[in-house]
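Asker: Next up, entry_37.tsv (TSV, C-alpha atoms).
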chain	number	residue	atom	x	y	z
A	181	ASP	CA	0.00	0.00	0.00
A	182	VAL	CA	2.73	2.48	1.01
A	183	ARG	CA	4.73	1.67	-2.11
A	184	ASP	CA	1.67	1.99	-4.38
A	185	VAL	CA	0.60	5.34	-2.95
A	186	SER	CA	4.13	6.70	-3.26
A	187	ALA	CA	4.48	5.40	-6.82
A	188	ASN	CA	1.11	6.88	-7.86
A	189	PHE	CA	2.09	10.27	-6.47
A	190	LEU	CA	5.44	10.31	-8.28
A	191	PHE	CA	3.79	9.12	-11.52
A	192	GLU	CA	1.22	11.94	-11.33
A	193	LEU	CA	3.98	14.49	-10.70
A	194	GLU	CA	5.92	13.26	-13.71
A	195	GLU	CA	2.79	13.25	-15.88
A	196	LYS	CA	1.92	16.85	-14.94
A	197	PHE	CA	5.48	17.99	-15.58
A	198	GLU	CA	5.52	16.41	-19.04
A	199	GLU	CA	2.16	18.02	-19.91
A	200	ASN	CA	3.51	21.53	-19.36
A	201	MET	CA	6.74	22.21	-17.51
A	202	PHE	CA	5.93	25.95	-17.35
A	203	THR	CA	2.56	25.61	-15.57
A	204	PHE	CA	3.60	22.55	-13.54
A	205	ASN	CA	2.21	22.84	-9.99
A	206	VAL	CA	3.32	20.55	-7.17
A	207	CYS	CA	0.68	21.86	-4.74
A	208	ASP	CA	-2.42	20.59	-6.55
A	209	VAL	CA	-0.90	17.10	-6.95
A	210	ALA	CA	0.08	17.02	-3.27
A	211	LEU	CA	-3.39	18.18	-2.20
A	212	ARG	CA	-5.13	15.50	-4.29
A	213	ASN	CA	-2.90	12.79	-2.82
A	214	ALA	CA	-3.09	14.01	0.80
A	215	PRO	CA	-6.03	11.72	1.80
A	216	GLU	CA	-4.15	8.66	0.49
A	217	PHE	CA	-0.98	9.79	2.28
A	218	ARG	CA	-2.94	9.92	5.54
A	219	ARG	CA	-4.58	6.53	4.95
A	220	VAL	CA	-1.29	4.64	4.56
A	221	TYR	CA	1.35	6.67	6.41
A	222	LEU	CA	-0.47	7.15	9.70
A	223	PRO	CA	-0.62	3.41	10.55
A	224	TYR	CA	2.78	2.79	8.91
A	225	VAL	CA	4.63	5.34	11.03
A	226	THR	CA	2.60	4.53	14.17
A	227	ASN	CA	3.75	0.90	13.99
A	228	GLN	CA	7.34	1.71	13.08
A	229	THR	CA	8.46	1.14	16.69
A	230	TYR	CA	7.29	-2.49	16.48
A	231	GLN	CA	8.87	-2.73	13.04
A	232	ASP	CA	12.23	-1.64	14.49
A	233	GLN	CA	11.93	-4.06	17.41
A	234	THR	CA	11.16	-6.97	15.06
A	235	PHE	CA	14.08	-6.00	12.84
A	236	GLN	CA	16.51	-5.92	15.79
A	237	ARG	CA	15.20	-9.23	17.12
A	238	LEU	CA	15.77	-10.88	13.74
A	239	MET	CA	19.23	-9.34	13.39
A	240	ASN	CA	20.31	-10.47	16.86
A	241	GLY	CA	18.60	-13.86	17.04
A	242	VAL	CA	18.33	-15.25	13.52
A	243	PRO	CA	21.74	-15.63	11.78
A	244	ALA	CA	20.08	-16.74	8.52
A	245	PHE	CA	18.14	-13.45	8.36
A	246	GLN	CA	21.35	-11.45	8.69
A	247	GLN	CA	23.04	-13.48	5.93
A	248	VAL	CA	20.13	-13.05	3.51
A	249	LEU	CA	19.93	-9.32	4.32
A	250	GLU	CA	23.64	-8.81	3.63
A	251	LYS	CA	23.23	-10.53	0.28
A	252	LEU	CA	20.21	-8.38	-0.64
A	253	GLU	CA	21.87	-5.11	0.45
A	254	SER	CA	24.97	-5.93	-1.62
A	255	ASP	CA	22.87	-5.99	-4.80
A	256	PRO	CA	23.68	-2.94	-7.00
A	257	VAL	CA	19.97	-2.11	-7.26
A	258	CYS	CA	20.06	-1.12	-3.56
A	259	GLN	CA	22.74	1.52	-4.30
A	260	ARG	CA	24.57	0.65	-1.04
A	261	LEU	CA	21.53	1.60	1.06
A	262	SER	CA	20.52	-0.54	4.05
A	263	LEU	CA	17.08	-2.07	4.59
A	264	LYS	CA	16.47	0.44	7.40
A	265	SER	CA	17.03	3.26	4.91
A	266	PHE	CA	14.28	1.86	2.68
A	267	LEU	CA	11.95	1.43	5.67
A	268	ILE	CA	12.16	5.10	6.67
A	269	LEU	CA	12.41	6.49	3.12
A	270	PRO	CA	8.63	6.72	2.45
A	271	PHE	CA	7.95	9.02	5.36
A	272	GLN	CA	11.13	11.02	4.77
A	273	ARG	CA	9.65	11.84	1.36
A	274	ILE	CA	6.55	13.28	3.06
A	275	THR	CA	8.56	15.48	5.43
A	276	ARG	CA	10.64	16.79	2.53
A	277	LEU	CA	7.49	17.44	0.51
A	278	LYS	CA	6.11	19.47	3.41
A	279	LEU	CA	9.27	21.61	3.42
A	280	LEU	CA	8.97	22.10	-0.35
A	281	LEU	CA	5.34	23.24	-0.02
A	282	GLN	CA	6.29	25.54	2.82
A	283	ASN	CA	8.98	27.23	0.72
A	284	ILE	CA	6.59	27.54	-2.25
A	285	LEU	CA	4.00	29.18	0.01
A	286	LYS	CA	6.55	31.65	1.37
A	287	ARG	CA	7.21	32.89	-2.16
A	288	ILE	CA	3.61	33.10	-3.45
A	289	PRO	CA	2.35	36.73	-3.36
A	290	PRO	CA	-0.48	37.23	-0.83
A	291	GLY	CA	-3.88	36.95	-2.52
A	292	ALA	CA	-2.55	35.07	-5.57
A	293	ASP	CA	-4.70	32.30	-7.08
A	294	GLU	CA	-2.19	29.64	-6.07
A	295	GLU	CA	-2.23	30.69	-2.39
A	296	VAL	CA	-5.31	28.71	-1.35
A	297	GLN	CA	-4.14	25.45	-2.93
A	298	ALA	CA	-0.59	25.77	-1.57
A	299	THR	CA	-1.86	26.57	1.93
A	300	GLN	CA	-4.32	23.66	1.99
A	301	ALA	CA	-1.67	21.21	0.73
A	302	TYR	CA	0.89	22.42	3.26
A	303	ASP	CA	-1.64	22.30	6.10
A	304	ALA	CA	-2.71	18.74	5.20
A	305	LEU	CA	0.87	17.44	5.30
A	306	GLU	CA	1.73	19.40	8.44
A	307	LYS	CA	-1.26	17.84	10.25
A	308	LEU	CA	-0.33	14.38	8.98
A	309	ILE	CA	3.23	14.67	10.29
A	310	LYS	CA	2.03	16.00	13.65
A	311	ASP	CA	-0.50	13.18	14.00
A	312	CYS	CA	2.14	10.57	13.09
A	313	ASN	CA	4.56	11.97	15.66
A	314	ALA	CA	1.80	12.13	18.31
A	315	ASN	CA	0.83	8.49	17.68
A	316	VAL	CA	4.43	7.33	17.87
A	317	GLN	CA	4.94	9.25	21.12
A	318	ARG	CA	1.72	7.80	22.55
A	319	MET	CA	2.81	4.23	21.83
A	320	LYS	CA	6.30	4.81	23.23
A	321	SER	CA	4.80	6.37	26.37
A	322	THR	CA	2.54	3.36	26.92
A	323	GLU	CA	5.47	0.96	26.56
A	324	GLU	CA	7.57	3.04	28.97
A	325	LEU	CA	4.79	3.08	31.56
A	326	ILE	CA	4.30	-0.69	31.34
A	327	HIS	CA	8.06	-1.26	31.71
A	328	LEU	CA	8.31	1.14	34.66
A	329	SER	CA	5.30	-0.36	36.43
A	330	GLN	CA	7.05	-3.74	36.32
A	331	ASN	CA	10.21	-2.30	37.87
A	332	MET	CA	8.82	0.04	40.55
A	333	GLU	CA	7.96	-0.68	44.17
A	334	PHE	CA	6.25	1.82	46.46
A	335	GLU	CA	7.17	2.28	50.08
A	336	CYS	CA	4.77	5.24	50.23
A	337	LYS	CA	1.11	5.27	49.22
A	338	ILE	CA	0.75	3.23	45.99
A	339	PHE	CA	0.51	5.34	42.86
A	340	PRO	CA	-1.41	3.95	39.82
A	341	LEU	CA	1.24	4.49	37.15
A	342	ILE	CA	-0.39	3.40	33.88
A	343	SER	CA	-2.70	5.98	32.32
A	344	GLN	CA	-3.53	6.76	28.68
A	345	SER	CA	-2.91	10.47	29.16
A	346	ARG	CA	0.40	10.10	31.02
A	347	ARG	CA	3.77	10.50	29.32
A	348	LEU	CA	7.33	10.67	30.57
A	349	VAL	CA	8.83	14.15	30.19
A	350	LYS	CA	12.27	13.67	31.76
A	351	HIS	CA	14.07	11.19	33.98
A	352	GLY	CA	17.51	10.69	35.47
A	353	GLU	CA	19.62	10.04	38.55
A	354	LEU	CA	20.72	13.07	40.59
A	355	THR	CA	22.79	13.53	43.73
A	356	ALA	CA	20.85	14.80	46.75
A	357	LEU	CA	22.86	16.85	49.27
A	358	GLU	CA	21.88	16.82	52.95
A	359	TYR	CA	23.35	18.17	56.17
A	360	ASN	CA	23.44	15.43	58.79
A	361	ILE	CA	22.80	16.89	62.29
A	362	SER	CA	24.03	13.75	64.08
A	363	LEU	CA	27.38	14.07	62.24
A	364	LYS	CA	27.93	17.70	63.30
A	365	TRP	CA	26.25	19.10	60.16
A	366	LYS	CA	28.49	17.12	57.83
A	367	LEU	CA	27.37	17.25	54.20
A	368	THR	CA	26.25	13.83	52.98
A	369	THR	CA	25.06	12.67	49.58
A	370	ARG	CA	22.70	10.01	48.24
A	371	PRO	CA	21.43	9.13	44.77
A	372	ILE	CA	17.79	9.90	43.98
A	373	TYR	CA	16.12	9.04	40.69
A	374	LEU	CA	13.49	11.42	39.31
A	375	HIS	CA	10.74	10.39	36.91
A	376	LEU	CA	8.96	13.53	35.72
A	377	PHE	CA	5.67	12.88	33.93
A	378	ASN	CA	3.33	15.45	32.41
A	379	ASP	CA	1.14	15.21	35.54
A	380	TYR	CA	3.30	13.83	38.38
A	381	LEU	CA	6.88	13.67	39.69
A	382	LEU	CA	8.12	10.45	41.32
A	383	LEU	CA	11.22	10.28	43.57
A	384	SER	CA	12.93	6.91	43.97
A	385	ARG	CA	15.97	5.16	45.35
A	386	PRO	CA	17.64	3.38	42.42
A	387	ARG	CA	18.33	-0.33	42.77
A	388	GLU	CA	20.14	-2.91	40.64
A	389	ASN	CA	18.83	-4.08	37.25
A	390	GLY	CA	16.89	-0.90	36.60
A	391	ARG	CA	14.55	-1.22	39.58
A	392	PHE	CA	13.29	1.68	41.73
A	393	ILE	CA	11.87	2.10	45.23
A	394	VAL	CA	9.49	5.08	45.14
A	395	PHE	CA	9.51	6.97	48.45
A	396	ASP	CA	7.64	10.16	47.50
A	397	TYR	CA	5.66	11.83	44.72
A	398	ALA	CA	3.69	14.98	43.97
A	399	ALA	CA	1.43	16.40	41.26
A	400	SER	CA	3.46	18.40	38.72
A	401	SER	CA	1.37	21.49	39.58
A	402	ASP	CA	2.82	21.21	43.13
A	403	VAL	CA	6.44	20.96	41.96
A	404	ARG	CA	8.94	23.82	41.60
A	405	GLY	CA	12.60	23.87	40.58
A	406	GLU	CA	14.84	26.86	41.35
A	407	LYS	CA	18.47	27.81	40.90
A	408	CYS	CA	20.56	27.61	44.05
A	409	GLU	CA	23.23	30.27	44.57
A	410	MET	CA	24.51	28.61	47.76
A	411	LYS	CA	28.33	28.33	47.88
A	412	LEU	CA	29.50	24.94	49.12
A	413	HIS	CA	33.03	23.63	49.54
A	414	GLY	CA	34.56	21.07	47.18
A	415	ASP	CA	33.08	20.13	43.83
A	416	ASN	CA	29.50	20.96	44.76
A	417	LYS	CA	28.59	23.04	41.71
A	418	ASN	CA	25.51	22.95	39.47
A	419	LEU	CA	23.03	22.97	42.35
A	420	PHE	CA	19.28	23.48	42.24
A	421	ARG	CA	16.44	23.25	44.73
A	422	LEU	CA	13.38	21.08	44.28
A	423	PHE	CA	10.20	21.94	46.19
A	424	LEU	CA	7.23	19.61	46.60
A	425	LEU	CA	4.55	22.02	47.76
A	426	GLN	CA	2.34	19.07	48.65
A	427	ASN	CA	3.76	15.54	48.57
A	428	ASN	CA	1.87	12.24	48.86
A	429	GLN	CA	1.32	12.92	52.60
A	430	GLY	CA	0.16	16.50	52.04
A	431	LYS	CA	3.43	18.00	53.36
A	432	LYS	CA	5.84	20.55	51.90
A	433	VAL	CA	9.26	19.00	51.20
A	434	GLU	CA	12.52	20.50	49.90
A	435	PHE	CA	15.53	18.84	48.25
A	436	LEU	CA	18.93	20.16	47.21
A	437	PHE	CA	20.30	18.43	44.10
A	438	ARG	CA	23.65	18.43	42.32
A	439	THR	CA	24.08	17.61	38.63
A	440	GLU	CA	27.19	16.67	36.68
A	441	THR	CA	26.92	19.55	34.18
A	442	GLN	CA	25.40	23.00	33.96
A	443	SER	CA	23.19	21.97	31.03
A	444	GLU	CA	21.72	19.10	33.07
A	445	LYS	CA	20.87	21.54	35.86
A	446	LEU	CA	19.23	24.01	33.44
A	447	ARG	CA	17.32	21.22	31.71
A	448	TRP	CA	15.85	20.02	35.00
A	449	ILE	CA	14.88	23.54	36.05
A	450	SER	CA	13.26	24.14	32.66
A	451	ALA	CA	11.38	20.82	32.78
A	452	LEU	CA	10.12	21.51	36.32
A	453	MET	CA	8.74	24.95	35.46
A	454	PRO	CA	4.93	25.29	35.40
A	455	LYS	CA	3.63	25.14	31.83
A	456	GLN	CA	3.03	28.57	30.31
A	457	PRO	CA	1.85	29.72	26.86
A	458	GLU	CA	4.74	29.95	24.40
A	459	PRO	CA	5.69	33.59	23.70
A	460	ASP	CA	5.14	34.90	20.17
A	461	LEU	CA	8.69	35.15	18.86
A	462	LEU	CA	7.83	36.20	15.31
A	463	ASP	CA	8.12	39.92	16.15
A	464	ASP	CA	11.47	39.62	17.93
A	465	SER	CA	14.45	39.73	15.55
A	466	ASP	CA	16.79	40.29	18.51
A	467	THR	CA	16.19	36.78	19.86
A	468	PRO	CA	19.21	34.67	18.80
A	469	GLN	CA	18.65	32.30	15.88
A	470	VAL	CA	20.67	29.28	14.76
A	471	GLN	CA	20.50	27.11	11.65
A	472	CYS	CA	21.06	23.36	11.70
A	473	VAL	CA	24.10	22.30	9.65
A	474	LYS	CA	24.23	18.67	10.83
A	475	SER	CA	21.07	16.70	11.59
A	476	TYR	CA	20.49	15.60	15.16
A	477	LYS	CA	18.13	12.89	16.46
A	478	ALA	CA	16.77	13.51	19.95
A	479	ARG	CA	18.06	10.97	22.49
A	480	GLU	CA	16.09	12.15	25.51
A	481	HIS	CA	12.52	13.31	26.00
A	482	ASP	CA	13.43	17.00	26.41
A	483	GLU	CA	15.62	17.18	23.29
A	484	LEU	CA	14.84	18.55	19.84
A	485	THR	CA	15.26	16.53	16.64
A	486	LEU	CA	16.82	18.72	13.95
A	487	GLU	CA	17.15	18.37	10.20
A	488	LYS	CA	19.57	20.32	8.03
A	489	ALA	CA	18.43	23.94	7.39
A	490	ASP	CA	16.03	24.00	10.36
A	491	ILE	CA	15.90	27.46	11.98
A	492	VAL	CA	15.71	27.55	15.80
A	493	MET	CA	15.01	30.51	18.09
A	494	VAL	CA	17.37	30.18	21.08
A	495	LEU	CA	15.78	30.69	24.52
A	496	ARG	CA	18.47	29.44	26.91
A	497	SER	CA	22.18	28.57	26.73
A	498	SER	CA	24.55	26.53	28.88
A	499	SER	CA	28.30	26.85	29.25
A	500	ASP	CA	28.88	23.22	28.21
A	501	GLY	CA	27.56	23.41	24.66
A	502	TRP	CA	23.78	22.98	24.83
A	503	ARG	CA	20.93	25.30	23.82
A	504	GLU	CA	17.20	25.29	24.45
A	505	GLY	CA	15.09	26.64	21.63
A	506	VAL	CA	11.91	26.64	19.58
A	507	LYS	CA	11.92	25.37	16.00
A	508	LEU	CA	10.60	28.13	13.76
A	509	SER	CA	8.79	25.80	11.35
A	510	ASP	CA	6.54	23.99	13.85
A	511	GLY	CA	7.00	25.58	17.29
A	512	GLU	CA	8.50	22.42	18.79
A	513	ARG	CA	10.63	23.15	21.85
A	514	GLY	CA	13.65	21.32	23.27
A	515	TRP	CA	17.41	21.13	23.88
A	516	PHE	CA	20.07	20.47	21.22
A	517	PRO	CA	23.91	20.42	21.02
A	518	LEU	CA	25.66	23.56	19.83
A	519	ASP	CA	28.01	21.69	17.47
A	520	HIS	CA	25.07	20.80	15.17
A	521	VAL	CA	24.10	24.42	14.43
A	522	GLU	CA	25.52	27.73	13.25
A	523	THR	CA	24.61	31.10	14.70
A	524	ILE	CA	22.77	33.49	12.37
A	525	SER	CA	24.60	36.71	13.10
A	526	SER	CA	22.92	38.91	10.47
A	527	LYS	CA	19.90	40.77	11.82
A	528	GLN	CA	18.64	41.15	8.25
A	529	VAL	CA	18.63	37.36	7.78
A	530	ARG	CA	16.89	36.87	11.14
A	531	GLN	CA	14.20	39.37	10.11
A	532	MET	CA	13.74	37.59	6.76
A	533	ASN	CA	13.31	34.22	8.53
A	534	LEU	CA	10.64	35.69	10.80
A	535	LYS	CA	8.93	37.45	7.90
A	536	GLU	CA	8.73	34.20	5.88
A	537	GLU	CA	7.31	32.27	8.82
A	538	GLN	CA	4.78	35.03	9.45
A	539	ARG	CA	3.83	34.80	5.76
A	540	VAL	CA	2.93	31.10	6.18
A	541	LYS	CA	1.01	31.82	9.40
A	542	ASN	CA	-0.98	34.65	7.76
A	543	ALA	CA	-1.80	32.54	4.69
A	544	LYS	CA	-3.25	29.76	6.88
A	545	GLN	CA	-5.33	32.25	8.85
A	546	GLN	CA	-6.69	33.87	5.68
A	547	VAL	CA	-7.51	30.63	3.87
A	548	PHE	CA	-9.21	28.90	6.78
A	549	ARG	CA	-11.09	32.06	7.77
A	550	ARG	CA	-12.77	31.98	4.34
A	551	ARG	CA	-14.06	28.48	5.08
In C-alpha cells, write the structure found in this file.

Answerer:
Amino acid sequence: DVRDVSANFLFELEEKFEENMFTFNVCDVALRNAPEFRRVYLPYVTNQTYQDQTFQRLMNGVPAFQQVLEKLESDPVCQRLSLKSFLILPFQRITRLKLLLQNILKRIPPGADEEVQATQAYDALEKLIKDCNANVQRMKSTEELIHLSQNMEFECKIFPLISQSRRLVKHGELTALEYNISLKWKLTTRPIYLHLFNDYLLLSRPRENGRFIVFDYAASSDVRGEKCEMKLHGDNKNLFRLFLLQNNQGKKVEFLFRTETQSEKLRWISALMPKQPEPDLLDDSDTPQVQCVKSYKAREHDELTLEKADIVMVLRSSSDGWREGVKLSDGERGWFPLDHVETISSKQVRQMNLKEEQRVKNAKQQVFRRR
C-alpha cells in the first residue's frame, strides 16, 4: 500500500510535468494525494516502533536473516543503502514534501490564485506529520509506563502508574545533598532518581537491574525547581532546589540536588517549570537564531530533533555546549547540542526568517477564515 501510494504520487507528478513544464504545480498534486498519504502513512509510522523491534530481534537472534539481508543489500539495485534506509524512506519523502510546499507558500504573493491550494496542501501534510509523531509518542509512552510499572515498588502510598494520558517528560539520577545533624552538620550525599511525567513527579531510590523504590511523589502542579546560589566547599557546583509544595502525605518538602553539568541543571529547572503559553517570537528579531548544519536525532525526551536547514530561536544557553530553543517551522521546543548548528549573526537574515514564517502563518489564517 505504502509503495503503491508513493508510486502513484510520483507518476502523477511526472505526468503533470511532461504536460507543461511551465505551468507545472506541485501543490495541486500534493493536495489530491493528501487523503491517500494519511490513509497509509499514519498506521505505517505509528507501527514503526514495532517494526524496528522486530528488525533488531531478527538481526540479533536469527543468523540466517542477517546473511540473507547482507546478500540483498549488496545488490547494485540497492545503491549501497541498508534495509532500514528503505523502511524510513517513504515518510522522509513526506517530510521533505512538506518543506517544499512551505517554501513555495513563502514565495507566493499574498492573494494570488495559487495561495489557497498551496496553503491547503501544506496544512494537510503538516497535520499528517504532527499526527504521526503524536501516535508514535503515545505508543512509546505506553510501553515506557508498562516497563516502569514492572520495575517500581512503592514504600509510600501506591501510585497507579499506567494511564492513557500520562507521558514521561524527563528522567535521570541526581545527587541529593543533605546536612546530617548527628554528624555535626556534615554534608552527605545520596542518589535519587526522578521520573517527571506530564502530571506527576516520582522520587525513587535506584536499585540494581533498573529497579526503583518510590519513596515520594507529587502532582506536577505542586512541583517547583529553582536555581541555588549557595556556595558549598569542594566540587559541589551545578546545584538546584526542588520543592514539593504538597507531597503524597500533604506535606511541603525540599531537596537540594547536584548535577554533573550546567546543562543538566538548566534542563531540569526548565522541565520543572509550570507550563506557560509559548511567547510569540515572530516579532522579535533580537532573539538569537541558529541554523542546523548537521542533523540531530533527539536521544532524551526533552531534546529537539533537527534536520539540516532548520531554523531555531534560542531561549536558553549553557556553558557546556547545549541550547534550548523553539523550532521556527513547527514551534516544537527542546534542547540540542551547539556543534550541530551555526549562529545566524545577520539581523537582516533573522528578520527575513521571521517574515517568511509570518507569511505562512498569515496565509493559513486567511484561507481557513474563508471556510

Asker: Using CA of Val182 (chain A) and CA of Tyr224 (chain A) as the two end points, give the distance in Å to one decimal.

Answerer: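 Separation between CA of Val182 (chain A) and CA of Tyr224 (chain A): 7.9 Å.
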
Asker: For CA of Arg318 (chain A) and CA of Arg347 (chain A), quote the distance in Å rounded to one decimal.

Answerer: 7.6 Å

Asker: When you count only C-alpha atoms, which of these residues is closest to Met319 (chain A): A:Pro371, A:Arg404, A:Gln228, A:Pro386?

Answerer: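 Among the listed residues, the smallest separation from Met319 (chain A) belongs to A:Gln228.
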
Asker: Could you list, as a list in words, every residue within 10 Å of region 424-427 of chain A, counting all atoms listed in the file and ignoring same-chain residues fewer than 4 positions away?

Answerer: Leu381, Leu382, Asp396, Tyr397, Ala398, Ala399, Ser400, Ser401, Asp402, Val403, Arg404, Gly405, Lys431, Lys432, Val433, Glu434 and Phe435 of chain A

Asker: Restricting the calculation to all atoms listed in the file: of A:Leu534, A:Met453, A:Ala298, A:Leu348, which residue gets closest to Val547 (chain A)?

Answerer: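 Looking at the shortest contact to Val547 (chain A), the residue is A:Ala298.
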
Asker: What's the separation between CA of Gln246 (chain A) and CA of Leu263 (chain A), in Å to one decimal place?

Answerer: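 Atom-to-atom, CA of Gln246 (chain A) and CA of Leu263 (chain A) are spaced 11.1 Å apart.
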
Asker: Taking 5 positions as the minimum chain separation for residues in the same chain, which residues sit within 9 Å of Arg530 (chain A) when counting only C-alpha atoms? Answer as a VMD selection string.

Answerer: chain A and resid 465 to 469 524 to 525 535

Asker: I need the residues from that last selection saved to file as a PDB file, keeping the file's coordinate frame (with C-alpha atoms), if you can.

Answerer:
ATOM      1  CA  SER A 465      14.450  39.730  15.550  1.00  0.00           C
ATOM      2  CA  ASP A 466      16.790  40.290  18.510  1.00  0.00           C
ATOM      3  CA  THR A 467      16.190  36.780  19.860  1.00  0.00           C
ATOM      4  CA  PRO A 468      19.210  34.670  18.800  1.00  0.00           C
ATOM      5  CA  GLN A 469      18.650  32.300  15.880  1.00  0.00           C
ATOM      6  CA  ILE A 524      22.770  33.490  12.370  1.00  0.00           C
ATOM      7  CA  SER A 525      24.600  36.710  13.100  1.00  0.00           C
ATOM      8  CA  LYS A 535       8.930  37.450   7.900  1.00  0.00           C
TER       9      LYS A 535
END

Asker: List as a ChimeraX atom specification the protein and nucleic acid residues near Glu388 (chain A), meaning an atom at most 12 Å away when only C-alpha atoms are counted, but skip any in the same chain fewer than 5 places from it.

Answerer: /A:331-332,393

Asker: Just want the 10 Å neighbourhood of Ile284 (chain A), counted on all atoms listed in the file, with same-chain residues fewer than 3 positions away dropped. Output as a ChimeraX atom specification.

Answerer: /A:206-207,278-281,287-288,294-295,298-299,302,540

Asker: So, counting all atoms listed in the file, which residue among A:Leu267, A:Ala489, A:Ile342, A:Leu354 is closest to Arg183 (chain A)?

Answerer: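 Closest residue, counting all atoms listed in the file: A:Leu267.
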
Asker: Could you tell me, as a list in words, which residues have any atom at most 12 Å from (3.0, 2.7, 26.3), counting only C-alpha atoms?

Answerer: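 All residues meeting the 12 Å criterion around (3.0, 2.7, 26.3) are Thr229, Tyr230, Asn315, Val316, Gln317, Arg318, Met319, Lys320, Ser321, Thr322, Glu323, Glu324, Leu325, Ile326, His327, Leu328, Ser329, Leu341, Ile342, Ser343, Gln344, Ser345, Arg346, Arg347 and Leu348 of chain A.
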
Asker: Mind dumping the selected residues with C-alpha atoms as an mmCIF file, in the coordinates of the input?

Answerer:
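out-v7.cif written:
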data_model
loop_
_atom_site.group_PDB
_atom_site.id
_atom_site.type_symbol
_atom_site.label_atom_id
_atom_site.label_comp_id
_atom_site.auth_asym_id
_atom_site.auth_seq_id
_atom_site.Cartn_x
_atom_site.Cartn_y
_atom_site.Cartn_z
ATOM 1 C CA THR A 229 8.460 1.140 16.690
ATOM 2 C CA TYR A 230 7.290 -2.490 16.480
ATOM 3 C CA ASN A 315 0.830 8.490 17.680
ATOM 4 C CA VAL A 316 4.430 7.330 17.870
ATOM 5 C CA GLN A 317 4.940 9.250 21.120
ATOM 6 C CA ARG A 318 1.720 7.800 22.550
ATOM 7 C CA MET A 319 2.810 4.230 21.830
ATOM 8 C CA LYS A 320 6.300 4.810 23.230
ATOM 9 C CA SER A 321 4.800 6.370 26.370
ATOM 10 C CA THR A 322 2.540 3.360 26.920
ATOM 11 C CA GLU A 323 5.470 0.960 26.560
ATOM 12 C CA GLU A 324 7.570 3.040 28.970
ATOM 13 C CA LEU A 325 4.790 3.080 31.560
ATOM 14 C CA ILE A 326 4.300 -0.690 31.340
ATOM 15 C CA HIS A 327 8.060 -1.260 31.710
ATOM 16 C CA LEU A 328 8.310 1.140 34.660
ATOM 17 C CA SER A 329 5.300 -0.360 36.430
ATOM 18 C CA LEU A 341 1.240 4.490 37.150
ATOM 19 C CA ILE A 342 -0.390 3.400 33.880
ATOM 20 C CA SER A 343 -2.700 5.980 32.320
ATOM 21 C CA GLN A 344 -3.530 6.760 28.680
ATOM 22 C CA SER A 345 -2.910 10.470 29.160
ATOM 23 C CA ARG A 346 0.400 10.100 31.020
ATOM 24 C CA ARG A 347 3.770 10.500 29.320
ATOM 25 C CA LEU A 348 7.330 10.670 30.570
#

Asker: Need to verify the contact set: Val506 (chain A), 12 Å, only C-alpha atoms, exclusion of same-chain residues closer than 5 positions in sequence. Can you return it as a list in words?

Answerer: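 In the requested form, the answer reads Glu458, Pro459, Asp460, Leu461, Leu462, Thr467, Pro468, Gln469, Val470, Gln471, Asp482, Glu483, Leu484, Thr485, Leu486, Asp490, Ile491, Val492, Met493, Val494, Leu495, Arg496, Gly511, Glu512, Arg513, Gly514, Trp515 and Phe516 of chain A.
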